[in-house]
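Enquirer: Input structure: target_28.txt, which contains compact mmCIF, C-alpha atoms.
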# COMPACT_ATOMS: atom_id res chain seq x y z
CA MET A 1 0.00 0.00 0.00
CA GLN A 2 1.37 3.42 -0.99
CA ARG A 3 1.39 6.24 1.56
CA LYS A 4 2.01 9.98 1.51
CA LEU A 5 3.84 11.92 4.18
CA LEU A 6 3.27 15.63 4.86
CA ILE A 7 5.73 17.32 7.24
CA VAL A 8 5.06 20.86 8.48
CA LEU A 9 8.02 22.59 10.13
CA GLY A 10 8.42 25.73 12.19
CA ASN A 11 11.27 27.35 14.09
CA GLY A 12 11.38 24.48 16.59
CA PHE A 13 12.82 22.23 13.88
CA THR A 14 15.77 24.61 13.38
CA ILE A 15 16.23 24.88 17.15
CA ASP A 16 16.35 21.07 17.40
CA PHE A 17 19.00 20.99 14.65
CA LEU A 18 21.15 23.62 16.36
CA ASN A 19 20.77 21.95 19.76
CA PHE A 20 21.91 18.65 18.26
CA LEU A 21 25.07 20.35 16.94
CA ASP A 22 25.57 22.28 20.22
CA ARG A 23 25.59 25.58 18.32
CA ASP A 24 24.64 28.05 21.01
CA ASP A 25 26.41 30.77 18.99
CA ILE A 26 23.43 30.81 16.62
CA ASP A 27 20.29 32.28 18.18
CA VAL A 28 17.05 31.82 16.24
CA ARG A 29 14.86 32.58 19.26
CA ASN A 30 15.95 36.19 19.79
CA LEU A 31 16.44 37.59 16.28
CA PHE A 32 18.16 40.76 17.52
CA SER A 33 20.71 39.22 19.91
CA LYS A 34 23.44 38.83 17.26
CA GLY A 35 22.50 41.94 15.29
CA SER A 36 25.75 43.77 15.98
CA GLU A 37 27.71 40.84 14.49
CA VAL A 38 25.85 40.73 11.16
CA PRO A 39 27.96 42.32 8.42
CA TRP A 40 26.74 45.16 6.20
CA PRO A 41 26.80 43.79 2.61
CA THR A 42 28.88 46.50 0.92
CA SER A 43 31.61 46.84 3.56
CA GLY A 44 31.59 43.38 5.13
CA LYS A 45 31.93 45.05 8.52
CA PRO A 46 29.72 43.98 11.45
CA GLY A 47 26.98 46.27 12.70
CA PHE A 48 23.91 45.71 10.50
CA LEU A 49 21.61 46.29 13.47
CA SER A 50 22.66 49.84 14.31
CA PHE A 51 21.42 53.40 14.09
CA LYS A 52 23.75 53.86 11.12
CA HIS A 53 22.15 51.15 8.98
CA CYS A 54 18.68 50.63 10.51
CA PRO A 55 17.69 53.96 12.10
CA ASN A 56 13.97 53.21 12.20
CA LEU A 57 14.39 49.82 13.87
CA TRP A 58 16.82 51.44 16.28
CA ASN A 59 14.46 54.29 17.12
CA LEU A 60 11.70 51.78 17.85
CA GLY A 61 14.02 50.11 20.37
CA ALA A 62 15.74 47.26 18.50
CA ARG A 63 18.95 46.39 20.38
CA PRO A 64 21.26 43.36 20.53
CA ASN A 65 20.83 43.25 24.32
CA MET A 66 17.02 42.99 24.20
CA SER A 67 15.28 40.10 25.90
CA VAL A 68 13.54 37.45 23.81
CA GLY A 69 10.15 38.72 24.94
CA ASP A 70 10.92 42.34 24.12
CA SER A 71 12.34 41.45 20.70
CA TRP A 72 9.23 39.52 19.69
CA ALA A 73 6.96 42.25 21.07
CA LEU A 74 8.72 44.80 18.86
CA ILE A 75 8.57 42.53 15.80
CA GLU A 76 4.86 41.96 16.43
CA ASP A 77 4.24 45.73 16.69
CA ILE A 78 6.00 46.39 13.39
CA ILE A 79 4.46 43.52 11.48
CA THR A 80 0.95 44.08 12.82
CA CYS A 81 1.08 47.68 11.58
CA VAL A 82 2.36 46.59 8.17
CA ASN A 83 -0.20 43.77 7.98
CA VAL A 84 -2.92 46.40 8.29
CA TYR A 85 -1.19 48.66 5.77
CA ALA A 86 -0.80 45.79 3.29
CA SER A 87 -4.44 44.80 3.64
CA GLN A 88 -5.57 48.35 2.83
CA GLN A 89 -3.50 48.86 -0.31
CA GLY A 90 -5.81 49.78 -3.15
CA LYS A 91 -8.85 49.99 -0.86
CA THR A 92 -8.56 53.52 0.50
CA PRO A 93 -11.40 55.73 -0.82
CA ALA A 94 -10.26 58.39 -3.27
CA ASN A 95 -11.62 61.19 -1.12
CA ARG A 96 -9.70 60.12 1.97
CA SER A 97 -5.93 60.19 2.17
CA TYR A 98 -4.24 57.32 3.97
CA GLN A 99 -1.01 58.34 5.67
CA PRO A 100 0.50 55.60 7.84
CA ASN A 101 3.22 56.43 10.31
CA ASP A 102 6.29 56.00 8.14
CA ILE A 103 8.52 54.74 10.95
CA TYR A 104 6.72 51.38 11.03
CA ILE A 105 6.77 50.97 7.25
CA TYR A 106 10.44 51.92 7.12
CA ALA A 107 11.27 49.69 10.10
CA TYR A 108 9.58 46.83 8.27
CA LYS A 109 11.82 47.41 5.24
CA GLU A 110 14.87 47.37 7.51
CA LEU A 111 13.64 44.28 9.36
CA LEU A 112 13.13 42.39 6.09
CA GLN A 113 16.71 43.04 4.95
CA TYR A 114 18.14 42.48 8.42
CA ILE A 115 16.50 39.05 8.75
CA LYS A 116 17.76 38.03 5.32
CA HIS A 117 21.35 38.93 6.15
CA LEU A 118 21.08 37.54 9.70
CA PHE A 119 20.26 34.08 8.34
CA ILE A 120 22.92 34.37 5.63
CA TYR A 121 25.41 35.19 8.42
CA TYR A 122 24.19 32.19 10.43
CA ASP A 123 24.39 29.94 7.39
CA LYS A 124 28.06 30.83 6.86
CA LYS A 125 28.86 30.01 10.48
CA ILE A 126 28.16 26.34 9.73
CA GLU A 127 30.72 25.90 6.99
CA SER A 128 29.91 22.22 6.43
CA ILE A 129 27.35 19.76 7.75
CA PRO A 130 29.24 17.39 10.09
CA GLU A 131 29.07 13.59 9.76
CA LYS A 132 27.48 13.38 13.18
CA ILE A 133 24.24 14.67 11.65
CA LYS A 134 23.62 11.06 10.58
CA GLU A 135 22.74 10.37 14.21
CA TRP A 136 20.14 13.15 14.36
CA SER A 137 16.68 11.62 14.65
CA TRP A 138 15.25 13.86 11.92
CA PHE A 139 18.00 12.88 9.48
CA LYS A 140 17.41 9.18 10.10
CA PHE A 141 13.67 9.64 9.76
CA LEU A 142 13.90 11.47 6.45
CA GLN A 143 16.52 9.11 5.05
CA ASN A 144 14.53 6.00 5.98
CA SER A 145 11.26 7.50 4.80
CA CYS A 146 12.88 8.28 1.46
CA LYS A 147 14.06 4.67 1.17
CA ASP A 148 10.70 3.22 2.23
CA SER A 149 9.04 1.77 -0.86
CA GLU A 150 5.60 2.15 0.73
CA ILE A 151 6.01 5.94 0.92
CA ASN A 152 5.66 7.38 -2.55
CA GLU A 153 5.54 11.09 -1.73
CA ILE A 154 7.08 13.28 0.98
CA THR A 155 6.12 16.95 1.13
CA VAL A 156 7.91 19.24 3.57
CA VAL A 157 6.18 22.58 4.20
CA THR A 158 8.64 24.73 6.14
CA TYR A 159 8.14 28.28 7.37
CA ASN A 160 11.86 28.63 8.11
CA TYR A 161 14.13 30.92 6.09
CA ASP A 162 17.30 28.93 6.68
CA ILE A 163 18.65 26.33 4.26
CA TRP A 164 20.18 23.79 6.65
CA LEU A 165 17.61 21.14 5.75
CA GLU A 166 18.39 21.51 2.06
CA ARG A 167 22.14 21.48 2.74
CA ILE A 168 21.80 18.25 4.73
CA LEU A 169 19.87 16.56 1.95
CA LYS A 170 22.33 17.79 -0.69
CA ASP A 171 25.44 16.76 1.24
CA PHE A 172 24.15 13.26 1.94
CA LYS A 173 22.80 12.67 -1.56
CA ILE A 174 19.10 12.54 -0.66
CA PRO A 175 17.25 13.84 -3.75
CA PHE A 176 14.75 16.67 -3.31
CA ASN A 177 13.28 19.61 -5.17
CA VAL A 178 12.04 23.00 -4.03
CA GLY A 179 8.44 23.37 -5.18
CA GLN A 180 7.45 26.28 -7.48
CA VAL A 181 10.90 27.89 -7.33
CA GLY A 182 13.31 25.01 -7.94
CA ASP A 183 14.02 22.96 -11.05
CA LYS A 184 10.55 21.97 -12.28
CA SER A 185 12.02 19.16 -14.39
CA GLN A 186 13.06 17.27 -11.26
CA ASP A 187 10.89 14.35 -10.20
CA THR A 188 11.87 13.47 -6.64
CA LYS A 189 10.12 11.82 -3.72
CA ILE A 190 10.85 14.80 -1.44
CA THR A 191 9.41 18.22 -2.28
CA ILE A 192 10.18 21.21 -0.05
CA LEU A 193 7.71 24.11 -0.01
CA LYS A 194 8.62 27.42 1.67
CA PRO A 195 5.54 29.70 1.71
CA HIS A 196 7.29 32.40 3.77
CA GLY A 197 10.34 32.43 1.54
CA SER A 198 13.99 31.53 1.96
CA ILE A 199 17.43 33.10 1.84
CA SER A 200 17.98 30.74 -1.12
CA PHE A 201 15.21 32.34 -3.24
CA ILE A 202 17.12 34.49 -5.72
CA HIS A 203 15.32 37.04 -7.91
CA LYS A 204 16.09 37.06 -11.62
CA GLU A 205 17.09 40.74 -11.54
CA LYS A 206 20.51 41.05 -9.95
CA LEU A 207 21.78 44.48 -8.92
CA ASP A 208 25.28 45.77 -8.28
CA LEU A 209 26.34 44.82 -4.76
CA ASP A 210 28.02 48.22 -4.32
CA SER A 211 24.63 49.87 -4.84
CA TYR A 212 23.05 47.94 -1.95
CA SER A 213 20.85 50.00 0.30
CA ILE A 214 17.59 49.61 2.18
CA LYS A 215 15.00 51.44 0.11
CA LEU A 216 12.74 53.30 2.52
CA ASP A 217 9.38 53.77 0.83
CA ARG A 218 5.86 52.34 1.03
CA GLU A 219 6.17 50.02 -1.95
CA LEU A 220 5.94 46.27 -1.20
CA LEU A 221 7.80 44.68 -4.12
CA ASP A 222 6.33 41.51 -5.60
CA GLY A 223 7.20 38.78 -8.06
CA ALA A 224 5.83 35.48 -9.36
CA SER A 225 7.49 32.20 -8.42
CA ASP A 226 8.92 32.01 -11.96
CA ASP A 227 10.84 35.21 -11.24
CA PHE A 228 12.98 33.36 -8.68
CA PHE A 229 15.39 30.46 -8.70
CA VAL A 230 17.18 28.55 -5.96
CA GLU A 231 20.82 29.19 -5.11
CA TYR A 232 22.92 28.10 -2.14
CA LYS A 233 26.07 30.20 -2.67
CA ASN A 234 26.83 33.93 -2.78
CA LEU A 235 23.55 34.66 -1.03
CA GLU A 236 24.67 38.12 0.09
CA ASN A 237 24.41 39.44 -3.47
CA ASN A 238 22.00 42.27 -4.19
CA TYR A 239 18.65 41.52 -5.90
CA LEU A 240 15.60 43.58 -6.78
CA VAL A 241 13.11 41.55 -4.70
CA THR A 242 13.67 39.76 -1.39
CA ALA A 243 11.37 36.75 -1.12
CA LEU A 244 10.75 36.71 2.64
CA ILE A 245 7.70 37.26 4.81
CA PRO A 246 8.96 38.29 8.28
CA PRO A 247 7.80 36.49 11.43
CA ALA A 248 4.19 37.32 12.30
CA GLY A 249 3.55 38.47 8.74
CA GLU A 250 0.24 37.35 7.28
CA SER A 251 1.03 36.11 3.78
CA SER A 252 -2.57 36.46 2.65
CA ARG A 253 -2.55 40.19 3.46
CA PHE A 254 0.73 40.87 1.69
CA ASN A 255 -0.64 39.24 -1.47
CA HIS A 256 2.83 38.31 -2.68
CA THR A 257 2.32 36.34 -5.87
CA TRP A 258 5.23 33.95 -5.22
CA SER A 259 4.01 33.17 -1.70
CA GLY A 260 0.43 32.64 -2.84
CA GLN A 261 1.56 30.16 -5.48
CA ILE A 262 3.60 28.16 -2.97
CA ARG A 263 0.79 28.32 -0.42
CA SER A 264 -1.70 26.98 -3.01
CA THR A 265 0.62 24.07 -3.78
CA ALA A 266 0.95 23.29 -0.06
CA LYS A 267 -2.83 23.29 0.32
CA ALA A 268 -3.19 20.95 -2.67
CA LYS A 269 -0.66 18.56 -1.12
CA ALA A 270 -2.58 18.62 2.16
CA SER A 271 -5.86 18.00 0.34
CA SER A 272 -4.38 14.91 -1.31
CA LEU A 273 -3.77 13.22 2.05
CA GLY A 274 -6.07 10.30 2.78
CA GLU A 275 -6.84 8.27 5.87
CA ASP A 276 -3.81 6.01 5.33
CA ASP A 277 -1.39 8.93 5.08
CA GLU A 278 0.58 10.79 7.75
CA LEU A 279 0.95 14.40 8.90
CA ILE A 280 3.92 15.30 11.10
CA ILE A 281 4.14 18.76 12.70
CA CYS A 282 7.25 20.11 14.40
CA GLY A 283 8.00 23.37 16.16
CA LEU A 284 5.11 25.56 15.06
CA SER A 285 4.47 28.68 17.14
CA TYR A 286 0.85 29.08 15.95
CA TRP A 287 0.91 32.86 16.30
CA TYR A 288 -2.53 34.34 15.93
CA VAL A 289 -1.44 35.94 12.65
CA ASP A 290 -0.24 32.55 11.34
CA ARG A 291 -3.34 30.63 12.29
CA ALA A 292 -5.44 31.16 9.19
CA GLU A 293 -2.62 29.91 6.98
CA LEU A 294 -1.93 26.85 9.14
CA ASP A 295 -5.60 26.08 9.65
CA GLU A 296 -5.99 26.10 5.86
CA LEU A 297 -3.53 23.21 5.71
CA PHE A 298 -4.96 21.26 8.63
CA VAL A 299 -8.60 21.33 7.54
CA SER A 300 -7.56 20.24 4.04
CA CYS A 301 -6.23 16.92 5.37
CA ASP A 302 -8.35 13.82 5.89
CA PHE A 303 -9.49 13.84 9.52
CA LEU A 304 -8.66 10.12 9.76
CA ALA A 305 -5.00 10.61 8.78
CA ASP A 306 -2.35 9.76 11.40
CA VAL A 307 -1.15 13.04 12.90
CA VAL A 308 1.93 13.51 15.08
CA MET A 309 3.11 16.76 16.66
CA ILE A 310 6.68 17.00 18.00
CA ASN A 311 7.21 19.85 20.44
CA PRO A 312 8.77 19.93 23.94
CA SER A 313 6.35 22.72 24.92
CA PRO A 314 3.30 22.26 22.69
CA GLN A 315 1.20 25.37 22.23
CA ARG A 316 -2.07 24.86 24.05
CA THR A 317 -4.31 26.39 21.39
CA LEU A 318 -2.65 24.45 18.57
CA THR A 319 -3.03 21.22 20.55
CA ALA A 320 -6.73 21.99 21.06
CA VAL A 321 -7.25 22.74 17.35
CA LEU A 322 -5.53 19.55 16.20
CA THR A 323 -7.45 17.51 18.76
CA SER A 324 -10.70 18.98 17.45
CA ILE A 325 -9.87 18.11 13.83
CA PHE A 326 -8.09 14.75 13.87
CA SER A 327 -9.14 11.43 15.38
CA ASN A 328 -5.64 9.91 15.33
CA PHE A 329 -3.56 12.66 16.96
CA ILE A 330 -0.45 12.07 19.10
CA VAL A 331 1.96 14.52 20.75
CA TYR A 332 5.65 13.69 21.28
CA THR A 333 7.84 15.99 23.36
CA ASN A 334 11.17 14.97 21.80
CA SER A 335 12.31 14.29 18.25
CA LYS A 336 14.17 11.21 19.51
CA THR A 337 10.79 9.49 19.56
CA LEU A 338 11.06 9.43 15.77
CA ASP A 339 13.63 6.64 16.21
CA LYS A 340 10.86 4.44 17.55
CA ILE A 341 8.31 5.17 14.83
CA LEU A 342 10.59 4.89 11.80
CA SER A 343 8.82 3.25 8.91
Will you turn the file into structure tokens for me?

Expert:
Amino acid sequence: MQRKLLIVLGNGFTIDFLNFLDRDDIDVRNLFSKGSEVPWPTSGKPGFLSFKHCPNLWNLGARPNMSVGDSWALIEDIITCVNVYASQQGKTPANRSYQPNDIYIYAYKELLQYIKHLFIYYDKKIESIPEKIKEWSWFKFLQNSCKDSEINEITVVTYNYDIWLERILKDFKIPFNVGQVGDKSQDTKITILKPHGSISFIHKEKLDLDSYSIKLDRELLDGASDDFFVEYKNLENNYLVTALIPPAGESSRFNHTWSGQIRSTAKAKASSLGEDDELIICGLSYWYVDRAELDELFVSCDFLADVVMINPSPQRTLTAVLTSIFSNFIVYTNSKTLDKILS
């Protein structure tokens, strides 16, 4: 009997990876904590998060010494304001001017570029994937699932910007493709979908690196998935469009064409799951602004499918939602449990 596997990943998956490698020098919980170390693209000197380069973020309080709670509160303030702004584009009556406070729009532009270069900086810190990754429970699970003749399709929907998963698969010769953006001629068992973008999504229009700057205006640049391709080297280069939706950003409000196309593919994959198939969820925060997008996936699945959530501190509301939808729902608090449920 053939089975499909749908894996939905959030930041907890990346945290599990970094914990396995004992990389406490990479902080994906507090996105501002290493901001002073991130290099500015044109000079290569550290200090991306500074008044010099990100004055609006700085004036709103962004600092490398912020607590995790304060950093996420600031990100939520910025993104919530821009979510509202994005949802109103083209809807403001002609007889009423709409003048948002520019500091939040400009801070959003700075945040978008900062996050991109933060994760590029982090990516470079892990120069190569070590052999010990073969002992990581997630690696063993993916490798064995790929070899399992009963599993004919594995779809990974990840909301992470980093490319460590792809690098692992590439380095250990596990075939995969990146849906909508990658090589469409590839026919592989594993398809990776990244609805919130990736540092590896490269726009077709490359600009001179020396001309790099953060353009402070109200325009939210867009592009179709065909306008991007996947690259894993020289990621710090300068491109017209950055394909990222920051944390707490509602993709449906931004109406980015590329994101909508990837999101539609993810929903179609979820809709194709039947009662003999499996859904595995790891490390989702289930922010209130993310819920509509995640719920769209969950309700598309067959309610009789086997569903597993892996999270050491499962979010109460997400647990309640999954319990209300699926009959065969199990929560594991550690990814090591995957060793015991390998196909």

Enquirer: Near range 268-274 of chain A, counting all atoms listed in the file, which residues have an atom at most 10 Å away, once you skip same-chain residues fewer than 3 positions from it, shown as a ChimeraX atom specification?

Expert: /A:3-7,153-157,262-265,277-279,296-306

Enquirer: Hey, could you make a per-residue contact list for range 80-180 of chain A against range 185-189 of chain A with 12 Å as the cut-off, showing the nearest pair of atoms and its distance in Å to one decimal, counting only C-alpha atoms, sorted by chain and number, as a tab-separated table?

Expert:
residue	atom	partner	partner_atom	distance
A:Leu142	CA	A:Lys189	CA	10.9
A:Gln143	CA	A:Lys189	CA	11.2
A:Ser145	CA	A:Lys189	CA	9.6
A:Cys146	CA	A:Lys189	CA	6.9
A:Lys147	CA	A:Lys189	CA	9.5
A:Asp148	CA	A:Lys189	CA	10.5
A:Ser149	CA	A:Lys189	CA	10.5
A:Glu150	CA	A:Lys189	CA	11.6
A:Ile151	CA	A:Lys189	CA	8.5
A:Asn152	CA	A:Lys189	CA	6.4
A:Glu153	CA	A:Lys189	CA	5.0
A:Ile154	CA	A:Lys189	CA	5.8
A:Thr155	CA	A:Lys189	CA	8.1
A:Val156	CA	A:Lys189	CA	10.6
A:Ile174	CA	A:Thr188	CA	9.4
A:Pro175	CA	A:Thr188	CA	6.1
A:Phe176	CA	A:Thr188	CA	5.4
A:Asn177	CA	A:Thr188	CA	6.5
A:Val178	CA	A:Gln186	CA	9.3
A:Gly179	CA	A:Gln186	CA	9.8
A:Gln180	CA	A:Ser185	CA	10.9

Enquirer: Within 9 Å of (5.6, 54.5, 13.3) in the file's own coordinates, which protein, DNA or RNA residues have an atom, counting all atoms listed in the file? List them as a list in words.

Expert: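 In the file's frame, the residues around the point are Asn56, Leu60, Ile78, Cys81, Pro100, Asn101, Asp102, Ile103, Tyr104, Ile105, Tyr106 and Ala107 of chain A.
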
Enquirer: Would you list the contacts of Leu294 in chain A as a PyMOL selection string, taking every protein, DNA or RNA residue within 12 Å and counting all atoms listed in the file, but skipping same-chain residues closer than 2 positions in sequence?

Expert: chain A and resi 8-10+157-159+195+250-252+263+266-267+270+281+284-292+296-301+318+321-322

Enquirer: Would you list the contacts of Thr42 in chain A as number ranges by chain, taking every protein, DNA or RNA residue within 7 Å and counting all atoms listed in the file, but skipping same-chain residues closer than 6 positions in sequence?

Expert: A: 209-210, 212

Enquirer: Print the selection's residues with C-alpha atoms to a file, as a short mmCIF file (atom, residue, chain, number, x, y, z; two decimals), in the coordinates of the input.

Expert:
data_model
loop_
_atom_site.label_atom_id
_atom_site.label_comp_id
_atom_site.auth_asym_id
_atom_site.auth_seq_id
_atom_site.Cartn_x
_atom_site.Cartn_y
_atom_site.Cartn_z
CA LEU A 209 26.34 44.82 -4.76
CA ASP A 210 28.02 48.22 -4.32
CA TYR A 212 23.05 47.94 -1.95
#

Enquirer: Do you know which residues are at most 7 Å from Gly197 in chain A counting only C-alpha atoms, after dropping those on the same chain fewer than 3 positions away, and could you put them as a PyMOL selection string?

Expert: chain A and resi 161+194+201+243-245

Enquirer: Suppose we keep C-alpha atoms; can you now write the selection as a PDB file, in the frame of the given file?

Expert:
ATOM      1  CA  TYR A 161      14.130  30.920   6.090  1.00  0.00           C
ATOM      2  CA  LYS A 194       8.620  27.420   1.670  1.00  0.00           C
ATOM      3  CA  PHE A 201      15.210  32.340  -3.240  1.00  0.00           C
ATOM      4  CA  ALA A 243      11.370  36.750  -1.120  1.00  0.00           C
ATOM      5  CA  LEU A 244      10.750  36.710   2.640  1.00  0.00           C
ATOM      6  CA  ILE A 245       7.700  37.260   4.810  1.00  0.00           C
TER       7      ILE A 245
END

Enquirer: Residues near range 126-138 of chain A, anyone? I mean within 12 Å using only C-alpha atoms, not counting same-chain ones fewer than 6 positions away, as a PyMOL selection string.

Expert: chain A and resi 7+9+13-14+16-26+119-120+144-145+162-172+233+280+282+310+334-342
